[in-house]
Amino acid sequence: MATRIATAEEGGTFWTQGQALKSVLERDPALAPVEVVASPGASIATAEELAAGKVAFGFMAANWVPRARAGEAPFARPLDLRIVAPMNAGPLFFIARFDRQFRSVRDLAGKRVVFGPEKSGMAQHARLILDLLGLAATPLYLDFAAGAAAVESGEADAQLQCPIPNRVMTELSERCAIRVLPWDHAGLVHVLASVPFYRRATMPRGALRGLDADTAQPGVLNLLVTSAGTEAALVAACARAIAAGADELARRNLLFAGLPELLHDLTAIPGVSARFHEGALSAYRELRLLP
């Protein structure tokens with residue numbers, strides 16, 4: 001029977017990561033064959049699919065994991081999820097047309113900002129970040145592509161985007177000049193200190209046309225998750241394969257570029273209020289990645 005991994009919409013960032021992960025995991029007969037499952041509801045739908053036993057593993061943004069475990073909205077009941085491995089820390093960044101007179105994230109006060117679909121994780125991030133900075137903006141609830149088009153046409157002043165590489169963002173930067181809004185030091189430190197599932201992430205110079213210097217941004221930690229009832233041996237095999245293939249995963253998909261570093265900082269992962277699965281703990285202790 002196939003090992004099924006829930007991702008996001010076909011062509012989305014979790015989906016592309018799932019394709020790379022499939023290539024690495026299938027080398028272990030205990031995991032092969034691997035089926036990458038498109039999950040248009042992304043983290044929220046994935047949590048439900050894991051709890052129902054429809055998939056063995058799933059990609060989730062870390063901010064949804066404690067909410068699922070606690071049964072907080074939009075989840076109707078607590079879901080007993082466990083962490084398998086970190087996947088990446090994707091930078092959350094605001095973009096605006098270059099000809100707008102915005103020089104930093106704080107310039108978004110009172111502006112029309114694309115948050116993402118109203119019930120999405122992106123909208124949750126936008127509200128959280130702006131609230132922490134004490135900024136009131138006019139939210140526009142549009143998906144990535146529609147939001148990018150609105151920024152290009154001038155119907156929106158800015159948009160929250162994540163992560164890179166990001167096809168929509170790359171294509172927008174080729175069509176018009178855009179600016180990635182930088183943070184002031186105090187604001188970035190405050191947001192990172194306030195949100196346990198954020199990490200400091202760097203957007204490297206040249207990641208987008210017009211990004212001429214390395215830029216520090218908050219990054220949301222993304223995880224590979226399973227249910228508590230998944231067989232320990234299967235989870236251990238998955239964790240071992242990820243650790244062994246971390247460098248290859250980074251070569252196959254740039255979204256995994258920081259995975260080796262995340263695997264050597266596993267003690268920070270419980271800050272998202274979910275325990276590692278017993279199978280993952282066994283594998284990481286065997287590999288001396290956890291005490």
# chains A, B, ... in the order shown; residues from 1 in each chain; ligands from 1
$ residues_around --residues "A:Gly90" --least-positions-apart "5" --cutoff "8 Å" --atoms "only C-alpha atoms" --output "list in words"
Cys162, Pro163, Ile164, Ala201, Gly219, Val220, Leu221, Asn222 and Leu255 of chain A
$ residues_around --residues "A:Leu130" --least-positions-apart "5" --cutoff "10 Å" --atoms "only C-alpha atoms" --output "short mmCIF file (atom, residue, chain, number, x, y, z; two decimals) with C-alpha atoms, in the first residue's frame"
data_model
loop_
_atom_site.label_atom_id
_atom_site.label_comp_id
_atom_site.auth_asym_id
_atom_site.auth_seq_id
_atom_site.Cartn_x
_atom_site.Cartn_y
_atom_site.Cartn_z
CA VAL A 105 6.56 47.45 6.58
CA ARG A 106 5.46 50.26 8.90
CA LEU A 108 1.44 49.89 5.42
CA ALA A 109 -0.67 51.69 8.04
CA HIS A 125 -0.32 35.73 9.40
CA LEU A 135 -0.81 48.88 12.26
CA ALA A 136 -4.35 49.14 10.89
CA ALA A 137 -4.61 48.31 7.19
CA VAL A 191 7.41 39.92 16.03
#
$ residues_around --residues "stretch 31-40 of chain A" --least-positions-apart "2" --cutoff "12 Å" --atoms "only C-alpha atoms" --output "PyMOL selection string"
chain A and resi 1-29+42-50+54-60+120+231+233-242
$ residues_around --residues "stretch 203-210 of chain A" --least-positions-apart "4" --cutoff "12 Å" --atoms "only C-alpha atoms" --output "ChimeraX atom specification"
/A:89-98,162-182,214-219,254-255,257-258
$ write_last_selection --atoms "C-alpha atoms" --output "short mmCIF file (atom, residue, chain, number, x, y, z; two decimals), in the first residue's frame"
data_model
loop_
_atom_site.label_atom_id
_atom_site.label_comp_id
_atom_site.auth_asym_id
_atom_site.auth_seq_id
_atom_site.Cartn_x
_atom_site.Cartn_y
_atom_site.Cartn_z
CA ALA A 89 11.12 28.24 7.29
CA GLY A 90 9.44 30.20 4.52
CA PRO A 91 9.85 33.98 4.64
CA LEU A 92 6.66 35.99 4.99
CA PHE A 93 7.21 39.23 3.09
CA PHE A 94 5.20 42.23 1.97
CA ILE A 95 5.65 43.46 -1.58
CA ALA A 96 4.57 46.70 -3.27
CA ARG A 97 5.10 48.29 -6.65
CA PHE A 98 8.45 50.02 -6.77
CA CYS A 162 5.21 33.42 1.09
CA PRO A 163 7.55 31.64 0.40
CA ILE A 164 10.31 31.73 -2.21
CA PRO A 165 10.72 30.43 -4.83
CA ASN A 166 7.14 31.38 -5.62
CA ARG A 167 5.91 31.24 -9.23
CA VAL A 168 3.28 33.96 -8.84
CA MET A 169 5.79 36.32 -7.24
CA THR A 170 8.52 35.59 -9.76
CA GLU A 171 6.17 36.26 -12.67
CA LEU A 172 4.92 39.48 -11.08
CA SER A 173 8.47 40.73 -10.61
CA GLU A 174 9.12 40.08 -14.30
CA ARG A 175 6.01 42.03 -15.36
CA CYS A 176 6.55 45.11 -13.20
CA ALA A 177 9.10 46.57 -10.81
CA ILE A 178 8.33 45.61 -7.23
CA ARG A 179 9.87 46.22 -3.84
CA VAL A 180 10.20 43.75 -0.96
CA LEU A 181 9.46 45.90 2.08
CA PRO A 182 12.22 45.78 4.71
CA ASP A 214 19.83 40.19 1.49
CA THR A 215 16.66 41.05 3.44
CA ALA A 216 15.68 39.68 6.86
CA GLN A 217 12.03 38.67 7.24
CA PRO A 218 9.98 36.59 9.66
CA GLY A 219 9.72 33.03 8.41
CA LEU A 254 15.21 25.34 -3.12
CA LEU A 255 12.41 25.49 -0.55
CA ALA A 257 17.56 25.01 1.41
CA GLY A 258 17.57 25.50 5.19
#
$ select_by_dssp --residues "stretch 21-266 of chain A" --states "strand (DSSP E or B)" --output "count of residues only"
57
$ atom_distance --atom1 "atom CA of A:Val65" --atom2 "atom CA of A:Arg275"
10.3 Å
$ closest_residue --among "A:His264, A:Arg103, A:Arg69, A:His277" --to "A:Leu290" --atoms "only C-alpha atoms"
A:His264
$ select_by_dssp --residues "stretch 15-224 of chain A" --states "alpha helix (DSSP H)" --output "MDAnalysis selection string"
chainID A and resid 15:25 42:51 64:70 121:133 144:153 167:175 185:194
$ write_last_selection --atoms "C-alpha atoms" --output "mmCIF file, in the first residue's frame"
data_model
loop_
_atom_site.group_PDB
_atom_site.id
_atom_site.type_symbol
_atom_site.label_atom_id
_atom_site.label_comp_id
_atom_site.auth_asym_id
_atom_site.auth_seq_id
_atom_site.Cartn_x
_atom_site.Cartn_y
_atom_site.Cartn_z
ATOM 1 C CA TRP A 15 2.992 20.095 -3.497
ATOM 2 C CA THR A 16 6.372 20.797 -5.124
ATOM 3 C CA GLN A 17 8.130 19.938 -1.869
ATOM 4 C CA GLY A 18 6.144 16.719 -1.727
ATOM 5 C CA GLN A 19 7.419 15.711 -5.154
ATOM 6 C CA ALA A 20 11.025 16.132 -4.025
ATOM 7 C CA LEU A 21 10.333 14.295 -0.778
ATOM 8 C CA LYS A 22 8.758 11.404 -2.683
ATOM 9 C CA SER A 23 12.004 10.831 -4.595
ATOM 10 C CA VAL A 24 13.995 10.566 -1.373
ATOM 11 C CA LEU A 25 11.529 8.473 0.642
ATOM 12 C CA ALA A 42 -3.599 22.860 2.657
ATOM 13 C CA SER A 43 -2.807 22.769 6.399
ATOM 14 C CA ILE A 44 -6.400 22.724 7.654
ATOM 15 C CA ALA A 45 -7.568 19.953 5.330
ATOM 16 C CA THR A 46 -4.330 18.042 5.896
ATOM 17 C CA ALA A 47 -4.880 17.972 9.660
ATOM 18 C CA GLU A 48 -8.318 16.442 9.162
ATOM 19 C CA GLU A 49 -6.992 13.899 6.649
ATOM 20 C CA LEU A 50 -4.251 12.857 9.077
ATOM 21 C CA ALA A 51 -6.706 12.449 11.951
ATOM 22 C CA TRP A 64 -1.989 25.486 12.567
ATOM 23 C CA VAL A 65 -0.577 22.580 14.588
ATOM 24 C CA PRO A 66 -1.319 23.858 18.121
ATOM 25 C CA ARG A 67 -4.773 25.015 16.998
ATOM 26 C CA ALA A 68 -5.562 21.570 15.614
ATOM 27 C CA ARG A 69 -4.303 19.874 18.785
ATOM 28 C CA ALA A 70 -6.440 22.169 20.961
ATOM 29 C CA GLY A 121 -3.265 30.786 6.926
ATOM 30 C CA MET A 122 -1.870 33.767 5.015
ATOM 31 C CA ALA A 123 -4.690 35.991 6.272
ATOM 32 C CA GLN A 124 -3.993 34.773 9.782
ATOM 33 C CA HIS A 125 -0.325 35.732 9.403
ATOM 34 C CA ALA A 126 -1.184 39.166 7.987
ATOM 35 C CA ARG A 127 -3.562 39.978 10.829
ATOM 36 C CA LEU A 128 -1.107 38.719 13.446
ATOM 37 C CA ILE A 129 1.904 40.627 12.088
ATOM 38 C CA LEU A 130 0.085 43.924 11.604
ATOM 39 C CA ASP A 131 -1.612 43.662 15.006
ATOM 40 C CA LEU A 132 1.744 43.084 16.695
ATOM 41 C CA LEU A 133 3.087 46.204 14.989
ATOM 42 C CA PHE A 144 -1.916 34.819 -4.483
ATOM 43 C CA ALA A 145 -2.479 35.290 -8.210
ATOM 44 C CA ALA A 146 -5.430 37.685 -7.904
ATOM 45 C CA GLY A 147 -3.576 39.640 -5.234
ATOM 46 C CA ALA A 148 -0.492 39.992 -7.419
ATOM 47 C CA ALA A 149 -2.685 41.248 -10.265
ATOM 48 C CA ALA A 150 -4.278 43.781 -7.917
ATOM 49 C CA VAL A 151 -0.867 45.079 -6.847
ATOM 50 C CA GLU A 152 0.191 45.355 -10.481
ATOM 51 C CA SER A 153 -2.960 47.276 -11.487
ATOM 52 C CA ARG A 167 5.909 31.239 -9.227
ATOM 53 C CA VAL A 168 3.285 33.962 -8.840
ATOM 54 C CA MET A 169 5.789 36.316 -7.238
ATOM 55 C CA THR A 170 8.522 35.586 -9.760
ATOM 56 C CA GLU A 171 6.169 36.256 -12.674
ATOM 57 C CA LEU A 172 4.916 39.483 -11.084
ATOM 58 C CA SER A 173 8.474 40.733 -10.613
ATOM 59 C CA GLU A 174 9.124 40.079 -14.299
ATOM 60 C CA ARG A 175 6.011 42.034 -15.357
ATOM 61 C CA HIS A 185 15.148 46.118 13.622
ATOM 62 C CA ALA A 186 12.855 46.688 16.606
ATOM 63 C CA GLY A 187 9.735 45.616 14.731
ATOM 64 C CA LEU A 188 11.269 42.388 13.461
ATOM 65 C CA VAL A 189 12.688 41.486 16.865
ATOM 66 C CA HIS A 190 9.297 42.119 18.497
ATOM 67 C CA VAL A 191 7.407 39.916 16.030
ATOM 68 C CA LEU A 192 9.938 37.069 16.243
ATOM 69 C CA ALA A 193 9.923 37.181 20.045
ATOM 70 C CA SER A 194 6.109 37.190 20.162
#
$ atom_distance --atom1 "atom CA of A:Ala274" --atom2 "atom CA of A:Arg251"
28.9 Å
$ closest_residue --among "A:Leu142, A:Ala52, A:Val113, A:Ala250" --to "A:Leu79" --atoms "only C-alpha atoms"
A:Ala52
$ atom_distance --atom1 "atom CA of A:Tyr198" --atom2 "atom CA of A:Leu249"
21.9 Å
$ closest_residue --among "A:Ala158, A:Leu81, A:Asp143, A:Arg112" --to "A:Asp99" --atoms "only C-alpha atoms"
A:Ala158
$ closest_residue --among "A:Glu286, A:Glu278, A:Asp157, A:Asp212" --to "A:Gln101" --atoms "only C-alpha atoms"
A:Asp157
$ decode --residues "stretch 194-238 of chain A" --atoms "N, CA and C atoms" --output "mmCIF file, in the first residue's frame"
data_model
loop_
_atom_site.group_PDB
_atom_site.id
_atom_site.type_symbol
_atom_site.label_atom_id
_atom_site.label_comp_id
_atom_site.auth_asym_id
_atom_site.auth_seq_id
_atom_site.Cartn_x
_atom_site.Cartn_y
_atom_site.Cartn_z
ATOM 1 N N SER A 194 7.502 37.354 19.759
ATOM 2 C CA SER A 194 6.109 37.190 20.162
ATOM 3 C C SER A 194 5.456 35.935 19.614
ATOM 4 N N VAL A 195 6.034 35.348 18.561
ATOM 5 C CA VAL A 195 5.375 34.242 17.861
ATOM 6 C C VAL A 195 6.318 33.038 17.829
ATOM 7 N N PRO A 196 6.022 31.974 18.603
ATOM 8 C CA PRO A 196 6.967 30.855 18.709
ATOM 9 C C PRO A 196 7.167 30.075 17.423
ATOM 10 N N PHE A 197 6.204 30.137 16.503
ATOM 11 C CA PHE A 197 6.369 29.363 15.271
ATOM 12 C C PHE A 197 6.976 30.185 14.137
ATOM 13 N N TYR A 198 7.490 31.381 14.442
ATOM 14 C CA TYR A 198 8.241 32.147 13.455
ATOM 15 C C TYR A 198 9.737 31.973 13.703
ATOM 16 N N ARG A 199 10.496 32.076 12.635
ATOM 17 C CA ARG A 199 11.952 32.060 12.696
ATOM 18 C C ARG A 199 12.464 33.216 11.847
ATOM 19 N N ARG A 200 13.658 33.691 12.151
ATOM 20 C CA ARG A 200 14.285 34.680 11.278
ATOM 21 C C ARG A 200 14.654 33.990 9.965
ATOM 22 N N ALA A 201 14.262 34.578 8.863
ATOM 23 C CA ALA A 201 14.575 34.031 7.542
ATOM 24 C C ALA A 201 15.188 35.142 6.694
ATOM 25 N N THR A 202 16.059 34.759 5.807
ATOM 26 C CA THR A 202 16.709 35.739 4.940
ATOM 27 C C THR A 202 16.322 35.487 3.492
ATOM 28 N N MET A 203 15.815 36.536 2.853
ATOM 29 C CA MET A 203 15.597 36.472 1.407
ATOM 30 C C MET A 203 16.896 36.909 0.735
ATOM 31 N N PRO A 204 17.562 36.006 0.032
ATOM 32 C CA PRO A 204 18.866 36.358 -0.529
ATOM 33 C C PRO A 204 18.753 37.305 -1.720
ATOM 34 N N ARG A 205 19.758 38.135 -1.862
ATOM 35 C CA ARG A 205 19.840 39.036 -3.012
ATOM 36 C C ARG A 205 19.654 38.242 -4.298
ATOM 37 N N GLY A 206 18.805 38.749 -5.188
ATOM 38 C CA GLY A 206 18.568 38.091 -6.465
ATOM 39 C C GLY A 206 17.478 37.048 -6.454
ATOM 40 N N ALA A 207 16.857 36.795 -5.281
ATOM 41 C CA ALA A 207 15.771 35.816 -5.233
ATOM 42 C C ALA A 207 14.590 36.257 -6.084
ATOM 43 N N LEU A 208 14.422 37.550 -6.202
ATOM 44 C CA LEU A 208 13.417 38.139 -7.086
ATOM 45 C C LEU A 208 14.078 39.269 -7.865
ATOM 46 N N ARG A 209 13.590 39.532 -9.056
ATOM 47 C CA ARG A 209 14.104 40.678 -9.818
ATOM 48 C C ARG A 209 13.865 41.953 -9.013
ATOM 49 N N GLY A 210 14.917 42.703 -8.797
ATOM 50 C CA GLY A 210 14.813 43.928 -8.032
ATOM 51 C C GLY A 210 15.193 43.797 -6.578
ATOM 52 N N LEU A 211 15.412 42.565 -6.094
ATOM 53 C CA LEU A 211 15.855 42.381 -4.713
ATOM 54 C C LEU A 211 17.385 42.421 -4.735
ATOM 55 N N ASP A 212 17.920 43.601 -4.377
ATOM 56 C CA ASP A 212 19.345 43.853 -4.584
ATOM 57 C C ASP A 212 20.214 43.626 -3.354
ATOM 58 N N ALA A 213 19.596 43.240 -2.237
ATOM 59 C CA ALA A 213 20.368 42.978 -1.025
ATOM 60 C C ALA A 213 19.668 41.910 -0.205
ATOM 61 N N ASP A 214 20.436 41.158 0.568
ATOM 62 C CA ASP A 214 19.833 40.194 1.489
ATOM 63 C C ASP A 214 18.884 40.944 2.430
ATOM 64 N N THR A 215 17.690 40.367 2.645
ATOM 65 C CA THR A 215 16.664 41.046 3.438
ATOM 66 C C THR A 215 16.128 40.095 4.492
ATOM 67 N N ALA A 216 16.200 40.500 5.758
ATOM 68 C CA ALA A 216 15.685 39.682 6.857
ATOM 69 C C ALA A 216 14.172 39.829 6.957
ATOM 70 N N GLN A 217 13.484 38.703 7.127
ATOM 71 C CA GLN A 217 12.032 38.673 7.236
ATOM 72 C C GLN A 217 11.650 37.637 8.286
ATOM 73 N N PRO A 218 10.449 37.722 8.854
ATOM 74 C CA PRO A 218 9.978 36.593 9.655
ATOM 75 C C PRO A 218 9.686 35.407 8.748
ATOM 76 N N GLY A 219 10.003 34.226 9.194
ATOM 77 C CA GLY A 219 9.723 33.027 8.413
ATOM 78 C C GLY A 219 8.826 32.102 9.197
ATOM 79 N N VAL A 220 7.792 31.569 8.539
ATOM 80 C CA VAL A 220 6.918 30.617 9.213
ATOM 81 C C VAL A 220 7.507 29.221 9.068
ATOM 82 N N LEU A 221 7.569 28.514 10.170
ATOM 83 C CA LEU A 221 8.118 27.164 10.175
ATOM 84 C C LEU A 221 7.080 26.200 9.619
ATOM 85 N N ASN A 222 7.453 25.452 8.614
ATOM 86 C CA ASN A 222 6.591 24.422 8.042
ATOM 87 C C ASN A 222 7.101 23.049 8.460
ATOM 88 N N LEU A 223 6.165 22.135 8.706
ATOM 89 C CA LEU A 223 6.480 20.844 9.304
ATOM 90 C C LEU A 223 5.897 19.697 8.492
ATOM 91 N N LEU A 224 6.519 18.529 8.616
ATOM 92 C CA LEU A 224 5.893 17.284 8.194
ATOM 93 C C LEU A 224 5.285 16.681 9.454
ATOM 94 N N VAL A 225 3.990 16.361 9.384
ATOM 95 C CA VAL A 225 3.208 15.976 10.562
ATOM 96 C C VAL A 225 2.554 14.625 10.298
ATOM 97 N N THR A 226 2.252 13.920 11.363
ATOM 98 C CA THR A 226 1.507 12.665 11.264
ATOM 99 C C THR A 226 0.528 12.610 12.434
ATOM 100 N N SER A 227 -0.262 11.564 12.497
ATOM 101 C CA SER A 227 -1.149 11.384 13.646
ATOM 102 C C SER A 227 -0.425 10.548 14.698
ATOM 103 N N ALA A 228 -0.894 10.642 15.940
ATOM 104 C CA ALA A 228 -0.259 9.907 17.030
ATOM 105 C C ALA A 228 -0.307 8.407 16.802
ATOM 106 N N GLY A 229 -1.323 7.922 16.080
ATOM 107 C CA GLY A 229 -1.496 6.495 15.892
ATOM 108 C C GLY A 229 -0.728 5.883 14.749
ATOM 109 N N THR A 230 0.033 6.674 13.995
ATOM 110 C CA THR A 230 0.814 6.121 12.896
ATOM 111 C C THR A 230 1.894 5.193 13.433
ATOM 112 N N GLU A 231 2.113 4.084 12.758
ATOM 113 C CA GLU A 231 3.076 3.080 13.193
ATOM 114 C C GLU A 231 4.456 3.698 13.400
ATOM 115 N N ALA A 232 5.045 3.438 14.550
ATOM 116 C CA ALA A 232 6.329 4.052 14.909
ATOM 117 C C ALA A 232 7.428 3.708 13.910
ATOM 118 N N ALA A 233 7.447 2.458 13.428
ATOM 119 C CA ALA A 233 8.505 2.054 12.495
ATOM 120 C C ALA A 233 8.421 2.839 11.192
ATOM 121 N N LEU A 234 7.201 3.123 10.736
ATOM 122 C CA LEU A 234 7.024 3.895 9.501
ATOM 123 C C LEU A 234 7.514 5.325 9.694
ATOM 124 N N VAL A 235 7.181 5.921 10.831
ATOM 125 C CA VAL A 235 7.597 7.297 11.102
ATOM 126 C C VAL A 235 9.112 7.362 11.253
ATOM 127 N N ALA A 236 9.697 6.386 11.928
ATOM 128 C CA ALA A 236 11.150 6.363 12.097
ATOM 129 C C ALA A 236 11.848 6.255 10.748
ATOM 130 N N ALA A 237 11.325 5.415 9.857
ATOM 131 C CA ALA A 237 11.915 5.279 8.522
ATOM 132 C C ALA A 237 11.843 6.602 7.773
ATOM 133 N N CYS A 238 10.732 7.294 7.895
ATOM 134 C CA CYS A 238 10.559 8.587 7.230
ATOM 135 C C CYS A 238 11.550 9.612 7.781
#
